[in-house]
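Shown next: start-v3.txt, containing compact mmCIF, C-alpha atoms.
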```
# COMPACT_ATOMS: atom_id res chain seq x y z
CA MET A 93 -56.68 -26.92 -41.28
CA MET A 94 -57.69 -25.46 -37.93
CA THR A 95 -60.52 -27.17 -36.14
CA ILE A 96 -62.44 -25.68 -33.23
CA ASP A 97 -61.23 -27.18 -29.97
CA PHE A 98 -64.24 -28.37 -27.99
CA SER A 99 -62.25 -30.26 -25.37
CA GLY A 100 -62.80 -27.56 -22.71
CA LEU A 101 -66.57 -27.97 -22.93
CA GLU A 102 -66.65 -31.72 -22.49
CA PRO A 103 -67.29 -33.15 -19.03
CA LEU A 104 -64.19 -34.00 -17.02
CA ALA A 105 -64.79 -37.73 -17.04
CA SER A 106 -64.26 -38.11 -20.78
CA LEU A 107 -60.71 -36.69 -20.52
CA CYS A 108 -59.69 -39.51 -18.19
CA VAL A 109 -58.55 -42.74 -19.71
CA ILE A 110 -61.48 -45.14 -19.40
CA LYS A 111 -60.13 -48.66 -19.10
CA GLU A 112 -63.42 -50.45 -18.50
CA HIS A 113 -66.85 -49.19 -19.50
CA ASP A 114 -67.97 -47.95 -16.11
CA GLU A 115 -71.50 -46.66 -15.60
CA ILE A 116 -70.25 -43.92 -13.26
CA SER A 117 -67.38 -42.58 -15.38
CA LYS A 118 -69.30 -42.57 -18.68
CA PRO A 119 -70.02 -38.93 -19.64
CA LEU A 120 -73.59 -37.90 -18.95
CA SER A 121 -75.62 -37.88 -22.14
CA PHE A 122 -79.29 -38.10 -23.06
CA GLU A 123 -80.57 -39.62 -26.24
CA LEU A 124 -82.40 -37.24 -28.53
CA PRO A 125 -85.90 -38.31 -29.57
CA ILE A 126 -86.36 -39.63 -33.09
CA THR A 127 -88.67 -37.13 -34.69
CA GLY A 128 -88.95 -35.37 -38.03
CA ASP A 129 -89.57 -31.94 -36.59
CA PHE A 130 -87.19 -31.51 -33.64
CA ASP A 131 -87.91 -27.77 -33.21
CA GLY A 132 -91.64 -28.39 -33.05
CA PHE A 133 -91.07 -31.21 -30.59
CA GLN A 134 -88.96 -28.92 -28.39
CA ARG A 135 -91.65 -26.25 -28.45
CA GLU A 136 -94.24 -28.82 -27.40
CA ALA A 137 -91.97 -30.09 -24.65
CA VAL A 138 -91.53 -26.60 -23.22
CA GLN A 139 -95.27 -26.01 -23.37
CA MET A 140 -95.95 -29.30 -21.62
CA VAL A 141 -93.67 -28.56 -18.71
CA LYS A 142 -94.88 -24.94 -18.70
CA PRO A 143 -92.38 -23.05 -16.54
CA ALA A 144 -95.24 -21.73 -14.44
CA LYS A 145 -93.70 -23.19 -11.31
CA GLY A 146 -96.80 -23.60 -9.18
CA THR A 147 -95.21 -23.53 -5.79
CA THR A 148 -93.79 -21.25 -3.09
CA THR A 149 -90.24 -21.59 -1.82
CA LEU A 150 -88.12 -19.05 -0.01
CA ALA A 151 -84.72 -18.72 1.61
CA PHE A 152 -82.89 -15.95 3.38
CA ILE A 153 -79.57 -15.36 5.12
CA PHE A 154 -79.55 -13.91 8.60
CA LYS A 155 -77.20 -13.68 11.57
CA GLU A 156 -77.53 -17.33 12.56
CA GLY A 157 -77.30 -18.89 9.10
CA VAL A 158 -79.76 -19.60 6.32
CA MET A 159 -83.48 -20.24 6.72
CA VAL A 160 -85.13 -22.29 3.96
CA ALA A 161 -88.87 -22.90 3.69
CA ALA A 162 -91.31 -24.33 1.13
CA ASP A 163 -94.88 -25.56 0.66
CA SER A 164 -95.68 -29.12 -0.43
CA ARG A 165 -98.36 -28.97 -3.12
CA ALA A 166 -97.91 -30.41 -6.61
CA SER A 167 -100.48 -29.33 -9.19
CA MET A 168 -101.20 -30.52 -12.74
CA GLY A 169 -103.19 -27.65 -14.22
CA GLY A 170 -106.16 -27.31 -11.88
CA TYR A 171 -105.85 -30.72 -10.26
CA ILE A 172 -103.85 -31.18 -7.09
CA SER A 173 -101.77 -34.27 -7.68
CA SER A 174 -100.15 -34.31 -4.26
CA GLN A 175 -100.23 -32.37 -0.99
CA SER A 176 -97.08 -33.96 0.41
CA VAL A 177 -94.18 -33.33 -1.94
CA LYS A 178 -90.72 -32.80 -0.43
CA LYS A 179 -89.62 -29.55 -2.02
CA ILE A 180 -86.55 -29.04 0.09
CA ILE A 181 -83.95 -31.47 -1.19
CA GLU A 182 -81.07 -32.52 1.00
CA ILE A 183 -78.02 -32.42 -1.26
CA ASN A 184 -75.63 -33.28 1.58
CA PRO A 185 -75.61 -32.73 5.36
CA TYR A 186 -74.66 -29.04 5.04
CA MET A 187 -76.37 -28.00 1.79
CA LEU A 188 -80.02 -27.76 0.81
CA GLY A 189 -81.71 -27.21 -2.52
CA THR A 190 -85.29 -26.09 -3.12
CA MET A 191 -87.59 -27.41 -5.82
CA ALA A 192 -89.68 -25.22 -8.08
CA GLY A 193 -90.77 -26.08 -11.61
CA GLY A 194 -90.68 -29.61 -12.92
CA ALA A 195 -90.43 -32.08 -10.05
CA ALA A 196 -88.51 -34.70 -12.00
CA ASP A 197 -86.04 -32.13 -13.29
CA CYS A 198 -85.34 -30.74 -9.85
CA GLN A 199 -85.05 -34.11 -8.15
CA PHE A 200 -82.74 -35.55 -10.77
CA TRP A 201 -80.38 -32.62 -11.10
CA HIS A 202 -80.14 -32.03 -7.37
CA ARG A 203 -79.17 -35.66 -6.86
CA ASN A 204 -76.68 -35.33 -9.68
CA LEU A 205 -75.30 -32.23 -7.97
CA GLY A 206 -74.98 -34.22 -4.75
CA VAL A 207 -72.91 -36.81 -6.59
CA LYS A 208 -70.64 -34.14 -8.07
CA CYS A 209 -70.18 -32.47 -4.68
CA ARG A 210 -69.18 -35.77 -3.08
CA LEU A 211 -66.73 -36.50 -5.90
CA HIS A 212 -65.22 -33.04 -5.38
CA GLU A 213 -64.88 -33.73 -1.66
CA LEU A 214 -63.11 -37.01 -2.29
CA ALA A 215 -60.84 -35.58 -4.97
CA ASN A 216 -59.88 -32.40 -3.11
CA LYS A 217 -60.10 -33.58 0.53
CA ARG A 218 -62.30 -30.62 1.44
CA ARG A 219 -65.95 -29.75 1.16
CA ILE A 220 -67.13 -27.89 -1.90
CA SER A 221 -68.18 -24.29 -1.35
CA VAL A 222 -71.77 -23.13 -1.97
CA THR A 223 -70.37 -20.92 -4.75
CA GLY A 224 -68.78 -23.94 -6.40
CA ALA A 225 -71.83 -26.17 -6.05
CA SER A 226 -74.18 -23.56 -7.47
CA LYS A 227 -71.78 -22.93 -10.36
CA LEU A 228 -71.70 -26.65 -11.17
CA LEU A 229 -75.50 -26.79 -11.30
CA ALA A 230 -75.80 -23.55 -13.25
CA ASN A 231 -73.36 -24.77 -15.91
CA ILE A 232 -75.25 -28.05 -16.34
CA LEU A 233 -78.57 -26.24 -16.67
CA TYR A 234 -77.07 -23.75 -19.12
CA SER A 235 -75.94 -26.55 -21.39
CA TYR A 236 -79.55 -27.82 -21.51
CA ARG A 237 -80.94 -24.36 -22.14
CA GLY A 238 -83.89 -24.25 -24.53
CA MET A 239 -84.55 -27.98 -24.23
CA GLY A 240 -87.51 -27.59 -21.92
CA LEU A 241 -86.04 -28.20 -18.48
CA SER A 242 -87.96 -26.31 -15.83
CA VAL A 243 -85.92 -25.70 -12.70
CA GLY A 244 -86.06 -22.71 -10.33
CA THR A 245 -83.93 -23.63 -7.39
CA MET A 246 -82.08 -22.05 -4.53
CA ILE A 247 -78.85 -23.59 -3.20
CA ALA A 248 -78.38 -22.80 0.46
CA GLY A 249 -75.46 -23.94 2.59
CA TRP A 250 -72.78 -23.16 5.08
CA ASP A 251 -69.15 -23.31 3.94
CA GLU A 252 -65.83 -21.87 5.15
CA LYS A 253 -66.92 -18.36 4.21
CA GLY A 254 -70.09 -18.67 6.28
CA PRO A 255 -73.69 -18.89 5.07
CA GLY A 256 -74.23 -18.90 1.29
CA LEU A 257 -77.36 -18.58 -0.84
CA TYR A 258 -77.63 -18.74 -4.62
CA TYR A 259 -80.60 -18.74 -6.98
CA VAL A 260 -80.14 -20.96 -10.07
CA ASP A 261 -82.67 -21.48 -12.85
CA SER A 262 -83.12 -23.49 -16.00
CA GLU A 263 -82.67 -20.44 -18.24
CA GLY A 264 -79.06 -20.44 -17.04
CA GLY A 265 -79.35 -17.64 -14.48
CA ARG A 266 -77.33 -17.72 -11.28
CA LEU A 267 -77.64 -15.00 -8.66
CA LYS A 268 -75.98 -14.53 -5.30
CA GLY A 269 -78.21 -12.91 -2.71
CA THR A 270 -79.52 -12.69 0.81
CA ARG A 271 -83.30 -13.07 0.23
CA PHE A 272 -85.04 -15.09 -2.46
CA SER A 273 -88.49 -16.49 -3.10
CA VAL A 274 -89.33 -18.65 -6.11
CA GLY A 275 -92.63 -19.84 -7.54
CA SER A 276 -96.16 -18.67 -8.32
CA GLY A 277 -96.69 -17.77 -4.65
CA SER A 278 -93.47 -15.78 -4.41
CA PRO A 279 -95.01 -12.27 -4.67
CA TYR A 280 -97.12 -12.98 -1.59
CA ALA A 281 -94.19 -14.49 0.27
CA TYR A 282 -91.94 -11.54 -0.61
CA GLY A 283 -94.49 -9.15 0.87
CA VAL A 284 -94.38 -10.82 4.27
CA LEU A 285 -90.68 -11.65 4.13
CA ASP A 286 -89.48 -8.18 3.15
CA SER A 287 -91.57 -6.38 5.73
CA GLY A 288 -90.54 -8.63 8.62
CA TYR A 289 -86.86 -9.17 7.83
CA HIS A 290 -84.00 -8.11 10.14
CA TYR A 291 -80.48 -9.42 9.89
CA ASP A 292 -80.25 -9.79 13.68
CA MET A 293 -83.08 -12.26 14.15
CA SER A 294 -82.88 -15.27 16.38
CA VAL A 295 -83.47 -18.72 14.94
CA GLU A 296 -87.04 -18.86 16.36
CA GLU A 297 -87.94 -15.43 14.98
CA ALA A 298 -86.55 -16.29 11.55
CA ALA A 299 -88.41 -19.62 11.53
CA GLU A 300 -91.65 -17.87 12.44
CA LEU A 301 -91.12 -15.29 9.66
CA ALA A 302 -90.44 -18.03 7.11
CA ARG A 303 -93.49 -20.03 8.23
CA ARG A 304 -95.73 -16.97 8.09
CA ALA A 305 -94.49 -16.03 4.63
CA ILE A 306 -95.21 -19.52 3.28
CA TYR A 307 -98.63 -19.57 4.97
CA HIS A 308 -99.64 -16.24 3.41
CA ALA A 309 -98.49 -17.40 -0.01
CA THR A 310 -100.49 -20.63 0.28
CA PHE A 311 -103.57 -18.66 1.32
CA ARG A 312 -103.58 -16.40 -1.72
CA ASP A 313 -102.01 -18.64 -4.35
CA GLY A 314 -104.10 -21.58 -5.53
CA ALA A 315 -101.10 -23.58 -6.68
CA SER A 316 -99.43 -23.59 -3.24
CA GLY A 317 -100.59 -25.45 -0.17
CA GLY A 318 -100.16 -28.57 1.90
CA VAL A 319 -97.46 -28.44 4.54
CA ALA A 320 -95.11 -25.52 5.27
CA SER A 321 -91.66 -27.00 5.98
CA VAL A 322 -88.97 -24.87 7.55
CA TYR A 323 -85.27 -25.83 7.60
CA HIS A 324 -82.32 -24.05 9.18
CA VAL A 325 -78.74 -24.29 7.89
CA GLY A 326 -76.18 -23.53 10.56
CA PRO A 327 -72.43 -24.06 10.97
CA ASN A 328 -72.99 -27.74 11.75
CA GLY A 329 -75.28 -28.44 8.83
CA TRP A 330 -79.02 -28.30 8.30
CA THR A 331 -81.85 -29.25 10.67
CA LYS A 332 -85.55 -29.50 9.94
CA LEU A 333 -87.35 -27.13 12.29
CA SER A 334 -91.04 -27.69 11.53
CA GLY A 335 -93.61 -29.04 9.12
CA ASP A 336 -97.05 -27.55 9.77
CA ASP A 337 -100.24 -28.06 7.77
CA VAL A 338 -101.19 -24.65 6.37
CA GLY A 339 -104.86 -25.24 7.14
CA GLU A 340 -103.99 -25.50 10.82
CA LEU A 341 -101.65 -22.48 10.58
CA HIS A 342 -104.62 -20.48 9.28
CA TYR A 343 -106.60 -21.11 12.44
CA LYS A 344 -103.54 -20.41 14.56
CA TYR A 345 -102.90 -17.01 12.94
CA TYR A 346 -106.55 -16.07 12.42
CA PRO A 347 -108.71 -17.71 15.09
CA VAL A 348 -112.31 -18.30 14.06
CA GLU A 349 -114.75 -15.46 14.73
CA THR A 350 -118.38 -16.47 14.96
CA GLU A 351 -119.85 -15.32 11.67
CA VAL A 352 -123.57 -15.21 11.22
CA VAL A 353 -123.63 -16.84 7.81
CA GLU A 354 -127.39 -17.44 7.62
CA GLN A 355 -128.01 -13.73 8.16
CA GLU A 356 -125.98 -12.82 5.05
CA MET A 357 -127.88 -15.19 2.78
CA ALA A 358 -131.30 -14.00 3.99
CA GLU A 359 -130.36 -10.35 3.46
CA LEU A 360 -129.30 -10.90 -0.14
CA SER A 361 -132.49 -12.79 -1.12
CA VAL A 362 -134.73 -10.01 0.23
CA ALA A 363 -132.75 -7.41 -1.74
CA MET B 710 -128.24 -34.01 -3.54
CA VAL B 711 -131.62 -35.65 -2.99
CA GLY B 712 -132.72 -37.33 0.24
CA LYS B 713 -135.98 -38.56 1.75
CA ASN B 714 -138.45 -35.68 1.25
CA CYS B 715 -135.53 -33.26 1.46
CA PHE B 716 -132.62 -31.96 -0.57
CA ALA B 717 -129.28 -30.35 0.19
CA ILE B 718 -127.34 -27.82 -1.84
CA ALA B 719 -123.74 -26.86 -1.09
CA SER B 720 -121.02 -24.68 -2.51
CA ASP B 721 -117.58 -23.35 -1.66
CA ARG B 722 -117.16 -19.63 -0.88
CA ARG B 723 -113.94 -18.80 -2.69
CA LEU B 724 -113.75 -16.04 -5.25
CA GLY B 725 -110.56 -16.30 -7.26
CA VAL B 726 -108.90 -14.83 -10.34
CA GLN B 727 -107.11 -17.82 -11.86
CA LEU B 728 -104.69 -18.84 -9.11
CA GLN B 729 -105.11 -15.85 -6.82
CA THR B 730 -107.73 -15.96 -4.05
CA VAL B 731 -109.59 -12.65 -3.86
CA ALA B 732 -112.34 -13.43 -1.32
CA THR B 733 -113.26 -16.27 0.99
CA ASP B 734 -116.89 -15.37 1.68
CA PHE B 735 -118.43 -15.06 -1.75
CA GLN B 736 -122.04 -16.20 -1.97
CA LYS B 737 -122.88 -18.65 -4.75
CA ILE B 738 -126.19 -20.14 -3.61
CA TYR B 739 -129.21 -17.84 -3.75
CA ASN B 740 -132.65 -18.23 -2.22
CA ILE B 741 -135.47 -17.70 -4.73
CA HIS B 742 -138.26 -18.60 -2.34
CA ASP B 743 -138.30 -20.68 0.80
CA LYS B 744 -138.52 -23.94 -1.15
CA LEU B 745 -136.31 -23.09 -4.11
CA PHE B 746 -132.55 -22.48 -4.31
CA ILE B 747 -130.24 -21.83 -7.20
CA GLY B 748 -126.46 -22.23 -7.11
CA LEU B 749 -124.42 -20.50 -9.80
CA SER B 750 -120.87 -21.55 -10.59
CA GLY B 751 -118.53 -20.03 -13.13
CA LEU B 752 -117.78 -16.40 -13.94
CA ALA B 753 -118.70 -14.32 -10.89
CA THR B 754 -120.01 -11.31 -12.80
CA ASP B 755 -122.26 -13.48 -15.00
CA ALA B 756 -123.51 -15.38 -11.96
CA GLN B 757 -124.52 -12.16 -10.20
CA THR B 758 -126.17 -10.64 -13.29
CA LEU B 759 -128.01 -13.86 -14.10
CA TYR B 760 -129.26 -14.10 -10.54
CA GLN B 761 -130.57 -10.52 -10.66
CA ARG B 762 -132.35 -11.20 -13.97
CA LEU B 763 -133.90 -14.38 -12.59
CA VAL B 764 -135.13 -12.67 -9.44
CA PHE B 765 -136.73 -9.97 -11.61
CA ARG B 766 -138.56 -12.51 -13.79
CA TYR B 767 -139.54 -14.59 -10.77
CA LYS B 768 -141.01 -11.61 -8.91
CA LEU B 769 -143.10 -10.61 -11.94
CA TYR B 770 -144.42 -14.17 -12.11
CA GLN B 771 -145.21 -14.13 -8.41
CA LEU B 772 -147.12 -10.84 -8.71
CA ARG B 773 -149.14 -12.06 -11.68
CA GLU B 774 -149.88 -15.61 -10.48
CA GLU B 775 -150.07 -14.76 -6.76
CA ARG B 776 -148.23 -17.93 -5.83
CA ASN B 777 -144.71 -19.37 -5.69
CA MET B 778 -143.14 -20.83 -8.80
CA LYS B 779 -142.75 -24.58 -9.04
CA PRO B 780 -139.13 -25.77 -9.37
CA GLU B 781 -139.77 -27.41 -12.76
CA THR B 782 -141.16 -24.13 -14.09
CA PHE B 783 -138.22 -22.23 -12.68
CA ALA B 784 -135.81 -24.62 -14.36
CA SER B 785 -137.54 -23.97 -17.70
CA LEU B 786 -137.31 -20.23 -17.05
CA VAL B 787 -133.55 -20.47 -16.39
CA SER B 788 -133.09 -22.59 -19.48
CA ALA B 789 -134.95 -20.05 -21.63
CA ILE B 790 -133.03 -17.07 -20.24
CA LEU B 791 -129.73 -18.85 -20.87
CA TYR B 792 -130.67 -19.76 -24.44
CA GLU B 793 -131.62 -16.12 -25.16
CA LYS B 794 -127.88 -15.51 -25.00
CA ARG B 795 -127.01 -18.44 -27.22
CA PHE B 796 -124.42 -16.49 -29.24
CA GLY B 797 -122.91 -14.57 -26.34
CA PRO B 798 -123.61 -16.79 -23.36
CA TYR B 799 -123.45 -16.27 -19.64
CA PHE B 800 -120.37 -18.20 -18.52
CA CYS B 801 -122.01 -19.94 -15.61
CA GLN B 802 -123.50 -23.28 -14.85
CA PRO B 803 -126.60 -23.30 -12.62
CA VAL B 804 -127.65 -25.94 -10.13
CA ILE B 805 -131.34 -25.72 -9.23
CA ALA B 806 -132.82 -27.45 -6.19
CA GLY B 807 -136.33 -27.19 -4.80
CA LEU B 808 -139.30 -28.96 -3.26
CA ALA B 809 -142.15 -29.57 -5.72
CA ASP B 810 -145.75 -30.63 -4.92
CA GLU B 811 -146.09 -32.64 -1.72
CA ASP B 812 -142.50 -31.77 -0.82
CA LYS B 813 -141.00 -34.04 -3.44
CA PRO B 814 -137.38 -32.94 -3.95
CA PHE B 815 -136.39 -31.71 -7.40
CA ILE B 816 -132.83 -31.07 -8.60
CA CYS B 817 -131.39 -30.24 -11.97
CA THR B 818 -128.41 -28.68 -13.63
CA MET B 819 -127.80 -27.34 -17.10
CA ASP B 820 -124.90 -26.14 -19.17
CA SER B 821 -124.22 -22.47 -19.83
CA ILE B 822 -126.66 -22.29 -22.76
CA GLY B 823 -129.57 -24.01 -21.04
CA ALA B 824 -129.42 -27.70 -21.95
CA ASN B 825 -131.40 -29.61 -19.38
CA ALA B 826 -130.47 -32.89 -17.77
CA ARG B 827 -133.67 -33.01 -15.77
CA GLU B 828 -134.89 -36.50 -16.41
CA LEU B 829 -131.65 -38.18 -15.40
CA ALA B 830 -130.98 -36.49 -12.09
CA LYS B 831 -132.65 -38.36 -9.29
CA ASP B 832 -129.67 -38.51 -6.95
CA PHE B 833 -127.20 -35.62 -7.28
CA VAL B 834 -126.04 -32.91 -9.65
CA VAL B 835 -122.68 -31.10 -9.68
CA ALA B 836 -121.22 -28.04 -11.35
CA GLY B 837 -117.98 -26.09 -11.28
CA ARG B 838 -114.26 -26.47 -11.78
CA ALA B 839 -113.94 -29.55 -9.62
CA SER B 840 -117.02 -31.19 -11.17
CA GLU B 841 -115.11 -34.31 -12.17
CA SER B 842 -113.84 -34.78 -8.62
CA LEU B 843 -117.35 -34.03 -7.36
CA TYR B 844 -118.89 -36.73 -9.54
CA GLY B 845 -116.46 -39.23 -8.09
CA ALA B 846 -117.00 -38.14 -4.50
CA CYS B 847 -120.81 -38.03 -4.78
CA GLU B 848 -121.00 -41.35 -6.62
CA SER B 849 -119.10 -43.12 -3.87
CA MET B 850 -120.78 -41.42 -0.91
CA PHE B 851 -124.40 -41.21 -2.07
CA LYS B 852 -127.14 -43.49 -0.75
CA PRO B 853 -130.82 -43.12 -1.71
CA ASP B 854 -133.40 -41.93 0.85
CA MET B 855 -131.07 -40.40 3.44
CA ASP B 856 -132.66 -38.30 6.17
CA SER B 857 -131.72 -34.64 6.52
CA GLU B 858 -128.86 -35.04 9.03
CA GLU B 859 -127.16 -37.84 7.14
CA LEU B 860 -127.66 -35.96 3.87
CA PHE B 861 -126.01 -32.88 5.37
CA GLU B 862 -122.98 -34.93 6.45
CA THR B 863 -122.73 -36.65 3.08
CA ILE B 864 -122.94 -33.56 0.94
CA SER B 865 -120.44 -31.73 3.14
CA GLN B 866 -117.90 -34.54 2.97
CA ALA B 867 -118.32 -34.90 -0.79
CA LEU B 868 -117.79 -31.18 -1.34
CA LEU B 869 -114.82 -30.97 1.02
CA SER B 870 -113.01 -33.92 -0.49
CA ALA B 871 -113.49 -32.62 -4.03
CA VAL B 872 -112.45 -29.10 -3.12
CA ASP B 873 -109.31 -30.40 -1.38
CA ARG B 874 -108.12 -31.71 -4.75
CA ASP B 875 -108.70 -28.49 -6.66
CA CYS B 876 -106.24 -25.63 -6.77
```

As structure tokens, please, write out the structure in this file.
Amino acid sequence: MMTIDFSGLEPLASLCVIKEHDEISKPLSFELPITGDFDGFQREAVQMVKPAKGTTTLAFIFKEGVMVAADSRASMGGYISSQSVKKIIEINPYMLGTMAGGAADCQFWHRNLGVKCRLHELANKRRISVTGASKLLANILYSYRGMGLSVGTMIAGWDEKGPGLYYVDSEGGRLKGTRFSVGSGSPYAYGVLDSGYHYDMSVEEAAELARRAIYHATFRDGASGGVASVYHVGPNGWTKLSGDDVGELHYKYYPVETEVVEQEMAELSVA
Amino acid sequence: MVGKNCFAIASDRRLGVQLQTVATDFQKIYNIHDKLFIGLSGLATDAQTLYQRLVFRYKLYQLREERNMKPETFASLVSAILYEKRFGPYFCQPVIAGLADEDKPFICTMDSIGANARELAKDFVVAGRASESLYGACESMFKPDMDSEELFETISQALLSAVDRDC
């Protein structure tokens, strides 16, 4: 009798002969919860994580490499749980990932991706390409599709082919592109980014554009705020360019004009 | 917030539609007469309409009685107007602050259908989306019988710290 051959879908590690029970070489698996109604539980889990992705992250390719920027606010419904979350994750010295969606999901799977990239480097004696790294992540996320993971990430890096930028999400999507913005503040960031973008920008101009786009998104979107971090990925790896509080950026871009506030209130009460 | 023979009332000035900020200079505290203020939080359209209705009723009262309304009376008026709409309420929560006889400060708040918490409020009242944060901030920063400058500082810091934790 023919049986369906699933061996191609199993992770690589399980095909190797495991002599001792090693933590690292055991295939990655998560225990399923013990519940009567698994479908209902899954629906609840998705609702709980709510792929609303309250954040603003952006990345774009230009002449000098890739510019990556993000805000730093974490929100739980209407409550700000933190103003200082690191949303740009350093996968390895020449690749960055951005975080949007569930913080735990993004942090865990980016770190897992870092492990896989390093293993690839050791096994093949050369760095993994951005294409390869994003494909690894996309395949993992696809296999967990429908289970309530919430990840909207961009993988940015510099490999032998030059700068690379991919968008990967928890629905299993993977897109190659030159300009992306992810999160609830992304429409506002796109507006600024698209109108100011030139391929032939210098690093300072690109950094300023990225910072401005994040600032404008944090101004309009309630779920974005905190600190606007800007990173640059060049041929020698990534460097952090700046981390400015968006409140201070507001006064830098729009200096305070003396408003006669008392006058406004008096006028309205007479009317 | 209540101080020594004075009160302070504060609000933010953001007008938003869920997460999007639409305006940053929206007025939420209105002046009824020089010793009476009302702050209206919640749905912007209901706050504006309610304010216009209250001003109308207050002006009629002023014309008939030829004097300013006492804050306690005004609070009862607001409560009655809100309860008129018991089965289709105004989605706003008022905060009323005024100086009663002999400049004794009076503050109160009520829910959107007019339930009064008058007797309990001798120190501060809060309303709005960040009301839980505001309770915490006010509770920790409030001292009884502050003079006007200290009261101003305190209420500002309480409002700012609560608003910083609200999307």

Separation of atom CA of Glu811 of chain B from atom CA of Asn714 of chain B in Å: 8.7 Å

May I have the residues of chain B within 8 Å of chain A, counting only C-alpha atoms, written as a PDB file with C-alpha atoms, in the frame of the given file?
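The resulting file, iface39.pdb, is shown below:
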```pdb
ATOM      1  CA  GLN B 727    -107.110 -17.820 -11.860  1.00  0.00           C
ATOM      2  CA  LEU B 728    -104.690 -18.840  -9.110  1.00  0.00           C
ATOM      3  CA  GLN B 729    -105.110 -15.850  -6.820  1.00  0.00           C
ATOM      4  CA  THR B 730    -107.730 -15.960  -4.050  1.00  0.00           C
ATOM      5  CA  VAL B 731    -109.590 -12.650  -3.860  1.00  0.00           C
ATOM      6  CA  GLN B 736    -122.040 -16.200  -1.970  1.00  0.00           C
ATOM      7  CA  TYR B 739    -129.210 -17.840  -3.750  1.00  0.00           C
ATOM      8  CA  ASN B 740    -132.650 -18.230  -2.220  1.00  0.00           C
ATOM      9  CA  ILE B 741    -135.470 -17.700  -4.730  1.00  0.00           C
ATOM     10  CA  ASP B 873    -109.310 -30.400  -1.380  1.00  0.00           C
ATOM     11  CA  ARG B 874    -108.120 -31.710  -4.750  1.00  0.00           C
ATOM     12  CA  ASP B 875    -108.700 -28.490  -6.660  1.00  0.00           C
ATOM     13  CA  CYS B 876    -106.240 -25.630  -6.770  1.00  0.00           C
TER      14      CYS B 876
END
```

Give me the residues within 8 Å of Ile864 of chain B as a ChimeraX atom specification, counting only C-alpha atoms and dropping any in the same chain fewer than 4 places off. /B:710,717-719,847,860,868

Fewer than 4 positions away in the same chain doesn't count, so skip those; otherwise give me all residues within 6 Å of Ala281 of chain A, counting all atoms listed in the file, as a ChimeraX atom specification. /A:285,305-306,309

With distances taken over only C-alpha atoms, the candidate from A:Asp337, A:Glu349, A:Asp251, A:Asp286 nearest Pro185 of chain A is A:Asp251

Residues within 7 Å of Cys801 of chain B, please, as a PyMOL selection string. Count all atoms listed in the file; anything in the same chain fewer than 5 positions from it doesn't count. chain B and resi 749-752+755-756+821

Export of the given selection (C-alpha atoms) as a CSV table (one decimal), keeping the file's coordinate frame:
```csv
chain,number,residue,atom,x,y,z
B,749,LEU,CA,-124.4,-20.5,-9.8
B,750,SER,CA,-120.9,-21.6,-10.6
B,751,GLY,CA,-118.5,-20.0,-13.1
B,752,LEU,CA,-117.8,-16.4,-13.9
B,755,ASP,CA,-122.3,-13.5,-15.0
B,756,ALA,CA,-123.5,-15.4,-12.0
B,821,SER,CA,-124.2,-22.5,-19.8
```

Could you work out how far atom CA of Ile180 of chain A lies from atom CA of Ala195 of chain A, giving the answer in Å with one decimal?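 Spanning atom CA of Ala195 of chain A to atom CA of Ile180 of chain A is a straight-line distance of 11.3 Å.
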
Identify, on the basis of all atoms listed in the file, every residue whose closest approach to Ala192 of chain A does not exceed 9 Å; exclude the query and any residue fewer than 3 positions from it along the same chain; express the result as a PDB file with C-alpha atoms, in the frame of the given file.
```pdb
ATOM      1  CA  LYS A 145     -93.700 -23.190 -11.310  1.00  0.00           C
ATOM      2  CA  GLY A 146     -96.800 -23.600  -9.180  1.00  0.00           C
ATOM      3  CA  THR A 147     -95.210 -23.530  -5.790  1.00  0.00           C
ATOM      4  CA  THR A 148     -93.790 -21.250  -3.090  1.00  0.00           C
ATOM      5  CA  THR A 149     -90.240 -21.590  -1.820  1.00  0.00           C
ATOM      6  CA  LYS A 179     -89.620 -29.550  -2.020  1.00  0.00           C
ATOM      7  CA  ALA A 195     -90.430 -32.080 -10.050  1.00  0.00           C
ATOM      8  CA  CYS A 198     -85.340 -30.740  -9.850  1.00  0.00           C
ATOM      9  CA  SER A 242     -87.960 -26.310 -15.830  1.00  0.00           C
ATOM     10  CA  VAL A 243     -85.920 -25.700 -12.700  1.00  0.00           C
ATOM     11  CA  GLY A 244     -86.060 -22.710 -10.330  1.00  0.00           C
ATOM     12  CA  THR A 245     -83.930 -23.630  -7.390  1.00  0.00           C
ATOM     13  CA  MET A 246     -82.080 -22.050  -4.530  1.00  0.00           C
ATOM     14  CA  VAL A 274     -89.330 -18.650  -6.110  1.00  0.00           C
ATOM     15  CA  GLY A 275     -92.630 -19.840  -7.540  1.00  0.00           C
TER      16      GLY A 275
END
```
